[in-house]
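Text of data_34.cif (mmCIF, C-alpha atoms and all ligand atoms) as supplied:
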data_target
#
loop_
_atom_site.label_atom_id
_atom_site.label_comp_id
_atom_site.auth_asym_id
_atom_site.auth_seq_id
_atom_site.Cartn_x
_atom_site.Cartn_y
_atom_site.Cartn_z
CA MET A 732 8.82 65.60 137.17
CA THR A 733 7.44 62.23 138.17
CA PRO A 734 4.34 60.95 136.41
CA THR A 735 1.03 61.39 138.18
CA THR A 736 0.22 58.41 140.38
CA MET A 737 -2.95 59.73 141.99
CA THR A 738 -5.69 57.14 141.98
CA SER A 739 -8.77 58.15 140.07
CA PRO A 740 -11.88 59.13 142.04
CA VAL A 741 -13.98 57.93 139.08
CA ALA A 742 -16.06 54.80 139.63
CA PRO A 743 -14.70 51.97 137.49
CA VAL A 744 -16.91 50.89 134.58
CA SER A 745 -17.10 47.17 134.04
CA LEU A 746 -16.06 46.27 130.50
CA THR A 747 -17.90 42.97 130.78
CA PRO A 748 -21.04 43.78 132.74
CA THR A 749 -23.37 41.15 134.02
CA PRO A 750 -26.25 41.11 131.57
CA ASP A 751 -29.44 42.61 132.92
CA ALA A 752 -32.48 44.08 131.28
CA SER A 753 -31.12 47.61 130.95
CA THR A 754 -27.64 46.82 129.61
CA ALA A 755 -28.07 43.65 127.59
CA THR A 756 -31.01 44.83 125.52
CA GLY A 757 -29.63 48.18 124.50
CA THR A 758 -32.43 50.19 126.07
CA THR A 759 -30.43 53.19 127.24
CA ASP A 760 -31.97 56.54 126.38
CA ALA A 761 -28.74 58.46 126.81
CA ILE A 762 -27.35 58.00 123.29
CA LEU A 763 -28.80 60.26 120.60
CA GLY A 764 -30.89 58.23 118.22
CA THR A 765 -28.98 58.71 114.96
CA TYR A 766 -28.61 54.93 114.58
CA LYS A 767 -30.95 52.00 115.06
CA ARG A 768 -28.70 49.88 117.24
CA GLN A 769 -29.02 46.11 117.50
CA ALA A 770 -30.12 45.08 120.98
CA PRO A 771 -27.23 42.98 122.39
CA LEU A 772 -24.48 44.64 124.34
CA PHE A 773 -21.17 43.72 122.70
CA VAL A 774 -18.34 43.19 125.13
CA ARG A 775 -15.56 41.33 123.35
CA GLY A 776 -14.02 40.68 119.95
CA GLU A 777 -11.74 37.94 118.70
CA GLY A 778 -10.72 37.46 115.08
CA VAL A 779 -13.84 37.51 112.90
CA TYR A 780 -16.21 37.17 115.88
CA MET A 781 -17.89 39.55 118.30
CA PHE A 782 -19.39 38.37 121.59
CA ASP A 783 -22.27 39.86 123.53
CA ALA A 784 -22.70 40.07 127.30
CA GLN A 785 -24.43 36.68 127.38
CA GLY A 786 -21.52 35.07 125.56
CA THR A 787 -23.36 34.68 122.25
CA LYS A 788 -20.94 34.61 119.33
CA TYR A 789 -21.58 36.57 116.12
CA LEU A 790 -19.69 36.11 112.86
CA ASP A 791 -18.76 39.58 111.67
CA PHE A 792 -19.34 40.33 107.95
CA VAL A 793 -19.40 44.07 108.69
CA ALA A 794 -16.01 44.73 110.34
CA GLY A 795 -17.33 47.95 111.89
CA ILE A 796 -18.27 49.09 108.34
CA ALA A 797 -14.97 48.22 106.63
CA VAL A 798 -12.80 49.26 109.59
CA THR A 799 -11.41 46.23 111.44
CA ALA A 800 -9.66 44.78 108.39
CA LEU A 801 -7.30 42.72 110.56
CA GLY A 802 -10.15 41.38 112.67
CA HIS A 803 -10.84 41.95 116.35
CA GLY A 804 -8.15 41.71 118.99
CA ASP A 805 -5.35 41.33 116.44
CA ALA A 806 -2.11 40.67 118.36
CA GLY A 807 -0.05 43.06 116.22
CA VAL A 808 -2.53 45.93 116.59
CA MET A 809 -2.75 45.32 120.34
CA GLN A 810 1.03 45.27 120.64
CA ALA A 811 1.38 48.49 118.63
CA MET A 812 -1.15 50.14 120.95
CA GLN A 813 0.75 48.97 124.00
CA GLU A 814 4.08 50.20 122.60
CA ALA A 815 2.57 53.62 121.94
CA MET A 816 0.87 53.76 125.34
CA ALA A 817 4.10 52.86 127.10
CA THR A 818 5.59 56.20 125.98
CA GLY A 819 2.87 58.05 127.93
CA LEU A 820 2.58 60.40 124.93
CA LEU A 821 -0.90 59.86 123.55
CA HIS A 822 -1.29 63.36 122.14
CA THR A 823 0.89 66.36 121.39
CA SER A 824 -1.17 68.40 118.85
CA ASN A 825 0.24 69.31 115.47
CA LEU A 826 2.32 72.10 116.97
CA TYR A 827 5.04 69.53 117.68
CA ARG A 828 6.90 66.76 115.86
CA THR A 829 6.50 63.10 116.78
CA ALA A 830 8.30 60.09 115.33
CA PRO A 831 5.17 57.94 114.67
CA GLY A 832 3.44 60.66 112.63
CA GLU A 833 6.55 61.28 110.56
CA ALA A 834 7.18 57.55 110.01
CA LEU A 835 3.60 56.95 108.88
CA ALA A 836 3.67 59.92 106.51
CA GLU A 837 6.98 58.75 105.01
CA TRP A 838 5.57 55.24 104.57
CA LEU A 839 2.41 56.44 102.81
CA VAL A 840 4.37 58.77 100.54
CA GLY A 841 6.82 55.97 99.75
CA HIS A 842 3.99 53.62 98.77
CA SER A 843 1.75 55.94 96.75
CA PHE A 844 1.57 58.68 94.10
CA ALA A 845 1.63 61.33 96.84
CA SER A 846 4.35 63.64 98.02
CA LYS A 847 2.66 64.81 101.22
CA VAL A 848 0.02 63.66 103.71
CA PHE A 849 -2.40 65.46 106.02
CA PHE A 850 -3.77 63.41 108.94
CA CYS A 851 -7.21 63.89 110.42
CA ASN A 852 -9.82 61.89 112.33
CA SER A 853 -12.48 60.50 110.02
CA GLY A 854 -13.56 59.98 106.45
CA ALA A 855 -15.80 63.04 106.29
CA GLU A 856 -13.02 65.18 107.70
CA ALA A 857 -10.60 63.85 105.08
CA ASN A 858 -12.99 64.72 102.25
CA GLU A 859 -13.87 68.14 103.71
CA GLY A 860 -10.13 68.85 103.90
CA ALA A 861 -9.61 67.65 100.33
CA PHE A 862 -12.29 70.11 99.15
CA LYS A 863 -10.49 72.93 100.94
CA PHE A 864 -7.14 71.93 99.46
CA ALA A 865 -8.74 71.73 96.00
CA ARG A 866 -10.07 75.28 96.35
CA ARG A 867 -6.74 76.53 97.66
CA TRP A 868 -4.98 74.97 94.68
CA ALA A 869 -7.61 76.27 92.24
CA ARG A 870 -7.27 79.82 93.43
CA ALA A 871 -3.54 79.65 93.02
CA GLN A 872 -4.25 78.69 89.37
CA VAL A 873 -6.92 81.12 88.29
CA ASP A 874 -8.79 83.34 90.75
CA GLN A 875 -11.78 83.36 93.07
CA GLY A 876 -14.05 81.97 90.34
CA LYS A 877 -12.41 78.54 90.22
CA HIS A 878 -14.00 76.66 93.09
CA GLU A 879 -16.65 74.16 91.90
CA ILE A 880 -16.49 70.60 93.25
CA ILE A 881 -18.10 67.89 91.11
CA ALA A 882 -19.28 64.57 92.56
CA VAL A 883 -21.03 61.71 90.76
CA ARG A 884 -24.38 59.92 90.86
CA GLY A 885 -24.55 57.29 93.65
CA SER A 886 -21.79 58.93 95.70
CA PHE A 887 -21.30 58.95 99.46
CA HIS A 888 -18.56 61.17 100.89
CA GLY A 889 -19.69 61.88 104.45
CA ARG A 890 -22.23 63.65 106.65
CA MET A 891 -20.69 67.13 107.11
CA PRO A 892 -22.00 70.18 105.22
CA GLY A 893 -19.41 69.94 102.41
CA THR A 894 -19.32 66.18 102.07
CA LEU A 895 -23.10 65.93 102.35
CA ALA A 896 -23.39 68.38 99.44
CA ALA A 897 -21.29 65.86 97.47
CA THR A 898 -23.36 62.88 98.65
CA ASP A 899 -26.13 61.66 96.36
CA ARG A 900 -28.63 60.65 99.05
CA PRO A 901 -31.62 63.06 99.15
CA ALA A 902 -32.92 61.66 102.46
CA TYR A 903 -29.58 62.46 104.13
CA ARG A 904 -29.35 65.92 102.55
CA LEU A 905 -32.77 67.52 102.48
CA PRO A 906 -33.34 68.11 106.22
CA PHE A 907 -30.03 69.95 106.50
CA ARG A 908 -30.12 72.46 103.65
CA PRO A 909 -28.47 74.81 102.92
CA LEU A 910 -25.38 72.64 102.50
CA MET A 911 -22.02 73.89 101.24
CA GLY A 912 -22.44 75.73 97.95
CA GLY A 913 -20.44 75.19 94.78
CA VAL A 914 -20.91 71.43 94.72
CA THR A 915 -22.72 69.63 91.86
CA ILE A 916 -23.58 65.96 91.41
CA VAL A 917 -23.47 64.72 87.80
CA GLU A 918 -23.95 61.36 86.04
CA ARG A 919 -21.08 58.86 85.90
CA ASP A 920 -20.75 59.59 82.22
CA LEU A 921 -17.80 61.03 80.35
CA ASP A 922 -19.89 63.04 77.87
CA GLU A 923 -21.74 64.63 80.76
CA MET A 924 -18.39 65.42 82.42
CA LYS A 925 -17.18 67.03 79.20
CA THR A 926 -20.08 69.47 79.29
CA VAL A 927 -19.64 70.25 83.01
CA LEU A 928 -15.89 70.44 83.64
CA ASP A 929 -14.59 73.91 83.03
CA ALA A 930 -10.99 75.03 83.43
CA GLU A 931 -12.10 78.46 84.67
CA SER A 932 -14.63 77.35 87.30
CA THR A 933 -14.08 73.68 88.29
CA ALA A 934 -11.58 72.95 91.06
CA ALA A 935 -12.00 69.18 91.45
CA VAL A 936 -13.96 66.02 90.75
CA ILE A 937 -14.36 63.49 93.55
CA VAL A 938 -15.17 59.81 92.90
CA GLU A 939 -15.13 56.55 94.86
CA PRO A 940 -13.59 53.88 92.59
CA ILE A 941 -16.15 51.54 94.15
CA GLN A 942 -19.22 53.21 95.62
CA GLY A 943 -19.83 51.57 98.98
CA GLU A 944 -22.88 53.19 100.56
CA GLY A 945 -24.30 53.69 97.06
CA GLY A 946 -24.82 49.92 96.72
CA VAL A 947 -21.31 48.52 96.07
CA ARG A 948 -21.11 49.81 92.50
CA ILE A 949 -17.83 49.37 90.69
CA VAL A 950 -17.36 52.60 88.78
CA ASP A 951 -16.46 51.76 85.17
CA PRO A 952 -12.64 51.77 84.89
CA GLU A 953 -12.91 53.21 81.37
CA PHE A 954 -14.93 56.12 82.74
CA LEU A 955 -12.31 56.70 85.45
CA ARG A 956 -9.42 56.59 82.98
CA GLY A 957 -11.31 58.96 80.67
CA LEU A 958 -12.03 61.23 83.63
CA ARG A 959 -8.35 61.27 84.56
CA ALA A 960 -7.43 62.38 81.02
CA LEU A 961 -10.23 64.96 80.95
CA THR A 962 -9.37 66.46 84.34
CA ARG A 963 -5.75 66.85 83.22
CA GLU A 964 -6.83 68.47 79.97
CA ARG A 965 -9.15 70.94 81.77
CA ASN A 966 -6.73 71.66 84.65
CA VAL A 967 -9.08 70.15 87.24
CA LEU A 968 -8.00 67.99 90.21
CA LEU A 969 -9.12 64.38 90.50
CA ILE A 970 -9.81 63.27 94.10
CA LEU A 971 -10.30 59.56 94.69
CA ASP A 972 -12.22 58.67 97.85
CA GLU A 973 -10.83 55.30 98.93
CA ILE A 974 -12.18 55.57 102.45
CA GLN A 975 -14.20 52.36 102.06
CA CYS A 976 -12.60 50.60 99.08
CA GLY A 977 -8.93 51.38 99.82
CA LEU A 978 -6.25 49.79 102.00
CA GLY A 979 -6.48 46.24 100.67
CA ARG A 980 -10.24 45.76 100.45
CA THR A 981 -10.24 45.21 96.67
CA GLY A 982 -7.09 43.08 96.63
CA SER A 983 -4.59 45.87 95.94
CA PHE A 984 -3.33 48.26 98.60
CA PHE A 985 -5.01 51.19 96.83
CA ALA A 986 -7.96 50.56 94.52
CA TYR A 987 -6.50 53.02 91.97
CA GLU A 988 -3.53 50.71 91.36
CA GLN A 989 -5.86 48.43 89.39
CA LEU A 990 -6.94 51.30 87.14
CA GLY A 991 -3.54 52.32 85.81
CA ILE A 992 -4.13 55.95 86.82
CA ALA A 993 -3.17 58.10 89.79
CA PRO A 994 -5.25 60.88 91.37
CA ASP A 995 -4.12 64.34 92.52
CA MET A 996 -5.55 63.66 95.97
CA LEU A 997 -6.71 60.53 97.73
CA THR A 998 -8.67 60.23 100.95
CA LEU A 999 -8.38 57.37 103.45
CA ALA A 1000 -9.93 56.55 106.83
CA LYS A 1001 -11.86 53.50 108.07
CA PRO A 1002 -9.23 50.69 108.43
CA LEU A 1003 -6.24 53.03 108.63
CA ALA A 1004 -5.62 52.78 112.38
CA GLY A 1005 -7.01 49.30 113.02
CA GLY A 1006 -10.25 50.52 114.65
CA LEU A 1007 -9.01 53.79 116.12
CA PRO A 1008 -10.39 56.93 114.43
CA MET A 1009 -8.03 58.28 111.80
CA GLY A 1010 -8.25 59.77 108.33
CA ALA A 1011 -5.67 60.97 105.82
CA ILE A 1012 -5.45 63.11 102.70
CA LEU A 1013 -2.66 62.20 100.28
CA VAL A 1014 -1.69 64.97 97.86
CA THR A 1015 0.70 65.53 94.97
CA ASP A 1016 3.47 68.08 95.11
CA ASP A 1017 1.45 70.32 92.79
CA VAL A 1018 -1.32 70.58 95.40
CA ALA A 1019 1.05 70.65 98.38
CA ARG A 1020 2.90 73.68 97.03
CA THR A 1021 -0.23 75.81 97.32
CA ILE A 1022 -0.91 75.01 100.98
CA GLN A 1023 0.49 77.38 103.61
CA PRO A 1024 0.66 77.20 107.42
CA GLY A 1025 -2.74 78.27 108.74
CA ASP A 1026 -4.71 77.06 105.70
CA HIS A 1027 -6.12 74.08 107.54
CA GLY A 1028 -5.87 72.41 110.92
CA THR A 1029 -6.99 69.72 113.35
CA THR A 1030 -6.22 69.23 117.03
CA PHE A 1031 -5.98 65.45 117.08
CA GLY A 1032 -5.00 64.45 113.53
CA GLY A 1033 -1.99 62.14 113.30
CA GLY A 1034 -1.29 61.91 117.03
CA PRO A 1035 1.44 59.50 118.14
CA LEU A 1036 -0.79 56.67 119.43
CA LEU A 1037 -2.90 56.51 116.28
CA ALA A 1038 0.01 57.02 113.92
CA HIS A 1039 2.04 54.25 115.54
CA VAL A 1040 -0.87 51.81 115.27
CA ALA A 1041 -1.61 52.93 111.71
CA HIS A 1042 2.02 52.42 110.72
CA HIS A 1043 1.68 48.81 111.82
CA VAL A 1044 -1.70 48.40 110.10
CA VAL A 1045 -0.66 49.76 106.70
CA GLN A 1046 2.35 47.44 106.57
CA ARG A 1047 0.14 44.47 107.35
CA LEU A 1048 -2.47 45.51 104.77
CA ALA A 1049 0.19 45.99 102.09
CA ASP A 1050 1.51 42.44 102.61
CA PRO A 1051 1.39 40.73 99.18
CA ALA A 1052 0.22 37.48 100.82
CA LEU A 1053 -2.77 39.23 102.41
CA LEU A 1054 -3.63 41.01 99.15
CA ALA A 1055 -3.45 37.70 97.24
CA HIS A 1056 -5.72 36.15 99.89
CA VAL A 1057 -8.25 38.98 99.39
CA ARG A 1058 -8.20 38.57 95.60
CA GLU A 1059 -8.49 34.77 95.61
CA THR A 1060 -11.03 34.59 98.39
CA GLY A 1061 -13.01 37.35 96.72
CA VAL A 1062 -13.31 35.43 93.46
CA TRP A 1063 -14.43 32.34 95.37
CA PHE A 1064 -16.93 34.37 97.44
CA GLY A 1065 -18.46 35.85 94.27
CA GLU A 1066 -18.86 32.34 92.81
CA GLN A 1067 -20.57 31.16 95.98
CA LEU A 1068 -22.99 34.09 95.86
CA GLN A 1069 -23.75 33.29 92.22
CA ALA A 1070 -24.44 29.65 93.06
CA MET A 1071 -26.67 30.73 95.95
CA SER A 1072 -28.57 33.01 93.62
CA GLU A 1073 -29.24 30.10 91.26
CA ARG A 1074 -30.23 27.77 94.12
CA THR A 1075 -32.57 30.16 95.91
CA GLY A 1076 -33.95 32.53 93.26
CA ARG A 1077 -33.94 35.18 96.00
CA ILE A 1078 -31.11 37.33 94.61
CA ARG A 1079 -31.56 39.93 91.86
CA ALA A 1080 -27.96 41.07 91.28
CA ILE A 1081 -24.45 40.54 92.62
CA ARG A 1082 -21.66 43.13 92.41
CA GLY A 1083 -18.23 43.29 93.93
CA THR A 1084 -14.57 42.46 94.01
CA GLY A 1085 -12.04 41.46 96.65
CA LEU A 1086 -13.89 41.40 99.97
CA MET A 1087 -16.40 44.12 99.11
CA TRP A 1088 -19.68 42.75 97.78
CA GLY A 1089 -23.24 43.93 97.32
CA VAL A 1090 -26.23 41.67 96.74
CA ASP A 1091 -29.58 43.07 95.58
CA VAL A 1092 -32.53 41.21 97.05
CA HIS A 1093 -36.27 41.33 96.41
CA GLU A 1094 -37.16 41.62 100.06
CA PRO A 1095 -36.18 44.64 102.20
CA ALA A 1096 -32.53 44.07 103.15
CA ALA A 1097 -33.35 44.86 106.80
CA ALA A 1098 -35.59 41.77 107.07
CA ILE A 1099 -32.82 39.43 105.86
CA ILE A 1100 -30.21 41.16 108.04
CA GLY A 1101 -32.53 40.65 111.03
CA ARG A 1102 -32.97 36.94 110.34
CA ALA A 1103 -29.19 36.50 109.81
CA PHE A 1104 -28.57 38.34 113.07
CA ASP A 1105 -30.86 35.94 114.92
CA ARG A 1106 -28.70 33.13 113.50
CA GLY A 1107 -25.44 34.78 114.59
CA LEU A 1108 -24.29 36.61 111.44
CA LEU A 1109 -23.67 40.37 111.32
CA MET A 1110 -24.43 42.06 108.00
CA VAL A 1111 -25.12 45.64 106.88
CA SER A 1112 -27.18 47.07 104.03
CA ALA A 1113 -26.26 49.57 101.32
CA GLY A 1114 -29.67 50.88 100.32
CA GLU A 1115 -33.10 49.43 100.95
CA HIS A 1116 -32.68 46.28 98.87
CA THR A 1117 -28.92 45.70 98.96
CA LEU A 1118 -26.99 43.52 101.39
CA ARG A 1119 -23.35 44.53 101.77
CA PHE A 1120 -20.45 42.28 102.76
CA LEU A 1121 -17.33 43.86 104.25
CA PRO A 1122 -15.75 41.10 106.36
CA PRO A 1123 -12.32 41.44 107.96
CA LEU A 1124 -9.71 40.88 105.21
CA VAL A 1125 -8.12 38.10 107.26
CA ILE A 1126 -11.26 35.96 107.16
CA SER A 1127 -10.74 32.37 106.05
CA ARG A 1128 -12.73 30.47 103.42
CA ASP A 1129 -14.23 28.25 106.13
CA GLU A 1130 -15.43 31.28 108.07
CA LEU A 1131 -16.89 32.79 104.91
CA ALA A 1132 -18.57 29.48 104.09
CA ALA A 1133 -20.13 29.42 107.57
CA GLY A 1134 -21.50 32.92 107.01
CA LEU A 1135 -22.78 32.03 103.54
CA ALA A 1136 -24.71 29.09 105.00
CA VAL A 1137 -26.38 31.45 107.50
CA LEU A 1138 -27.09 33.94 104.73
CA GLU A 1139 -28.81 31.26 102.64
CA ALA A 1140 -30.91 30.16 105.60
CA ALA A 1141 -31.90 33.78 106.22
CA LEU A 1142 -32.70 34.34 102.53
CA VAL A 1143 -35.05 31.40 102.22
CA ALA A 1144 -36.60 31.56 105.71
C1 LIG B 1201 -16.55 56.31 100.58
C2 LIG B 1201 -16.77 56.98 101.89
N1 LIG B 1201 -16.38 58.25 102.06
C3 LIG B 1201 -16.54 58.89 103.22
C4 LIG B 1201 -17.14 58.27 104.29
C5 LIG B 1201 -17.31 59.01 105.59
O1 LIG B 1201 -16.48 58.47 106.55
P1 LIG B 1201 -16.73 58.76 108.13
O2 LIG B 1201 -17.96 58.01 108.50
O3 LIG B 1201 -15.49 58.25 108.79
O4 LIG B 1201 -16.89 60.24 108.25
C6 LIG B 1201 -17.57 56.95 104.17
C7 LIG B 1201 -18.25 56.27 105.29
O5 LIG B 1201 -18.95 55.31 105.14
C8 LIG B 1201 -17.39 56.29 102.93
O6 LIG B 1201 -17.78 55.03 102.75
#
Go ahead and render the structure in this file as structure tokens.
Amino acid sequence: MTPTTMTSPVAPVSLTPTPDASTATGTTDAILGTYKRQAPLFVRGEGVYMFDAQGTKYLDFVAGIAVTALGHGDAGVMQAMQEAMATGLLHTSNLYRTAPGEALAEWLVGHSFASKVFFCNSGAEANEGAFKFARRWARAQVDQGKHEIIAVRGSFHGRMPGTLAATDRPAYRLPFRPLMGGVTIVERDLDEMKTVLDAESTAAVIVEPIQGEGGVRIVDPEFLRGLRALTRERNVLLILDEIQCGLGRTGSFFAYEQLGIAPDMLTLAKPLAGGLPMGAILVTDDVARTIQPGDHGTTFGGGPLLAHVAHHVVQRLADPALLAHVRETGVWFGEQLQAMSERTGRIRAIRGTGLMWGVDVHEPAAAIIGRAFDRGLLMVSAGEHTLRFLPPLVISRDELAAGLAVLEAALVA
């Protein structure tokens, strides 16, 4: 059969519209108001910059919330997309085998603690799936009673009913109760964990090694190592959520590598497919053995286009030179923030590592982000008084310095 060559009856949409009042100021009413969007209409990206319809250039310290780790318009990502598109096979469903999905799974297994991978479409979906796998595993161990999921203070795991139950943000949770049952949030404290974790009733504990939305809080490595030992002792799974802090952001490919421990499951998303939506759950053989066909599913997860791009992205993000750049630049960036704090007196606390930083400020973060935006710098908050920095990992020191200068101007304005 020859491919379809019919021309589309659909009116073409201009990707670079002429700015006018309705498009350039973001005044459309057609998008549901779950986000407060910034007014300009963004039409183009290049490296660490985004451009609006009027040609104004913005330095990007957000990277689509830790997604575009290789920057915008990366030649390798674009080429991988074109290679995948040239096959004409964008989607097959998980009923069929494809080479890109298998190659990506083999690569991830070969570079991690895991023996199998499940692909999905987002971070929340990865964590929801991990909860299901934990319960499946738990019930193969004991019986119906072993199902509790434990999360920790300050956590963020997603906006779906299960992940929201494990997310420590009352404002996000309260309007949507009842959430998934059998989920408890406890302090990030080993003694507390010792009283809560129970071999008969607890299936899993989920933790972000660095809490992103919770204010860029580095979870104490001693606590995490103690938790690993305790979960083993009590026959409970440890799930690490590296959706925001994984894939190079902290200067190692996985954040857990710096802890000297390995989880039973690990969830990934954000930068995995270079800006395309993709998530993954990495599991040990022990977990994998309890999962049967029909236990879980997803229509799109791990499709050939995304998997091919992701296979390119993970190899780039695992490059030792890039990881060294993240570590070295991160140390320098932290020193610059410290110096700025001393110069301006406007900063209350600085936390971070690699290219993941949080800065507590006296003023509402939104006011500073607004002033930085007016000066051409994109930033995001992590709580009412915390600025968060998640630039593309390929950003240079000069580009960071330019952003820091804007930040200082916005702080003292
Ligand atoms: C640590 C962590 N887990 C889960 C999620 C949810 O990911 P998604 O927005 O792709 O559902 C996020 C998103 O910010 C996150 O930072």
d(CA of Ala845 in chain A, CA of Glu988 in chain A) in Å: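 Taking CA of Ala845 in chain A and CA of Glu988 in chain A, their separation equals 13.0 Å.
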Around range 896-914 of chain A, fit a box with edges along x, y and z, padding it by 4 Å on each side, then list its centre and edge lengths in Å to one decimal as lines of an AutoDock Vina configuration file.
center_x = -26.9
center_y = 68.2
center_z = 100.6
size_x = 20.9
size_y = 23.1
size_z = 19.8
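The residue that comes closest to ligand LIG 1201 (chain B), out of A:Ala770, A:Val950, A:Ile796, A:Ala1055 and on the basis of only C-alpha atoms and all ligand atoms, is A:Ile796.
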Expected residue set, 8 Å radius at (-1.8, 60.2, 113.7), only C-alpha atoms, as JSON, numbers by chain: {"A": [831, 832, 835, 850, 851, 1009, 1031, 1032, 1033, 1034, 1035, 1036, 1037, 1038, 1039, 1041]}
Please produce a file of those selected residues containing C-alpha atoms, as a PDB file, in the frame of the given file.
ATOM      1  CA  PRO A 831       5.170  57.940 114.670  1.00  0.00           C
ATOM      2  CA  GLY A 832       3.440  60.660 112.630  1.00  0.00           C
ATOM      3  CA  LEU A 835       3.600  56.950 108.880  1.00  0.00           C
ATOM      4  CA  PHE A 850      -3.770  63.410 108.940  1.00  0.00           C
ATOM      5  CA  CYS A 851      -7.210  63.890 110.420  1.00  0.00           C
ATOM      6  CA  MET A1009      -8.030  58.280 111.800  1.00  0.00           C
ATOM      7  CA  PHE A1031      -5.980  65.450 117.080  1.00  0.00           C
ATOM      8  CA  GLY A1032      -5.000  64.450 113.530  1.00  0.00           C
ATOM      9  CA  GLY A1033      -1.990  62.140 113.300  1.00  0.00           C
ATOM     10  CA  GLY A1034      -1.290  61.910 117.030  1.00  0.00           C
ATOM     11  CA  PRO A1035       1.440  59.500 118.140  1.00  0.00           C
ATOM     12  CA  LEU A1036      -0.790  56.670 119.430  1.00  0.00           C
ATOM     13  CA  LEU A1037      -2.900  56.510 116.280  1.00  0.00           C
ATOM     14  CA  ALA A1038       0.010  57.020 113.920  1.00  0.00           C
ATOM     15  CA  HIS A1039       2.040  54.250 115.540  1.00  0.00           C
ATOM     16  CA  ALA A1041      -1.610  52.930 111.710  1.00  0.00           C
TER      17      ALA A1041
END
At most 10 Å from ligand LIG 1201 (chain B) (only C-alpha atoms and all ligand atoms): residue list as a PyMOL selection string: chain A and resi 796-798+852-859+886-891+894-895+898+938-945+947+971-977+998-1002+1008-1010
Write the selection just made, keeping C-alpha atoms, as a short mmCIF file (atom, residue, chain, number, x, y, z; two decimals), keeping the file's coordinate frame?
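And here's part02.cif as it stands now:
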data_model
loop_
_atom_site.label_atom_id
_atom_site.label_comp_id
_atom_site.auth_asym_id
_atom_site.auth_seq_id
_atom_site.Cartn_x
_atom_site.Cartn_y
_atom_site.Cartn_z
CA ILE A 796 -18.27 49.09 108.34
CA ALA A 797 -14.97 48.22 106.63
CA VAL A 798 -12.80 49.26 109.59
CA ASN A 852 -9.82 61.89 112.33
CA SER A 853 -12.48 60.50 110.02
CA GLY A 854 -13.56 59.98 106.45
CA ALA A 855 -15.80 63.04 106.29
CA GLU A 856 -13.02 65.18 107.70
CA ALA A 857 -10.60 63.85 105.08
CA ASN A 858 -12.99 64.72 102.25
CA GLU A 859 -13.87 68.14 103.71
CA SER A 886 -21.79 58.93 95.70
CA PHE A 887 -21.30 58.95 99.46
CA HIS A 888 -18.56 61.17 100.89
CA GLY A 889 -19.69 61.88 104.45
CA ARG A 890 -22.23 63.65 106.65
CA MET A 891 -20.69 67.13 107.11
CA THR A 894 -19.32 66.18 102.07
CA LEU A 895 -23.10 65.93 102.35
CA THR A 898 -23.36 62.88 98.65
CA VAL A 938 -15.17 59.81 92.90
CA GLU A 939 -15.13 56.55 94.86
CA PRO A 940 -13.59 53.88 92.59
CA ILE A 941 -16.15 51.54 94.15
CA GLN A 942 -19.22 53.21 95.62
CA GLY A 943 -19.83 51.57 98.98
CA GLU A 944 -22.88 53.19 100.56
CA GLY A 945 -24.30 53.69 97.06
CA VAL A 947 -21.31 48.52 96.07
CA LEU A 971 -10.30 59.56 94.69
CA ASP A 972 -12.22 58.67 97.85
CA GLU A 973 -10.83 55.30 98.93
CA ILE A 974 -12.18 55.57 102.45
CA GLN A 975 -14.20 52.36 102.06
CA CYS A 976 -12.60 50.60 99.08
CA GLY A 977 -8.93 51.38 99.82
CA THR A 998 -8.67 60.23 100.95
CA LEU A 999 -8.38 57.37 103.45
CA ALA A 1000 -9.93 56.55 106.83
CA LYS A 1001 -11.86 53.50 108.07
CA PRO A 1002 -9.23 50.69 108.43
CA PRO A 1008 -10.39 56.93 114.43
CA MET A 1009 -8.03 58.28 111.80
CA GLY A 1010 -8.25 59.77 108.33
#
Test item: residues at most 9 Å from Lys788 in chain A, only C-alpha atoms, excluding those fewer than 4 positions along its chain, as number ranges by chain: A: 780-783, 1107-1108
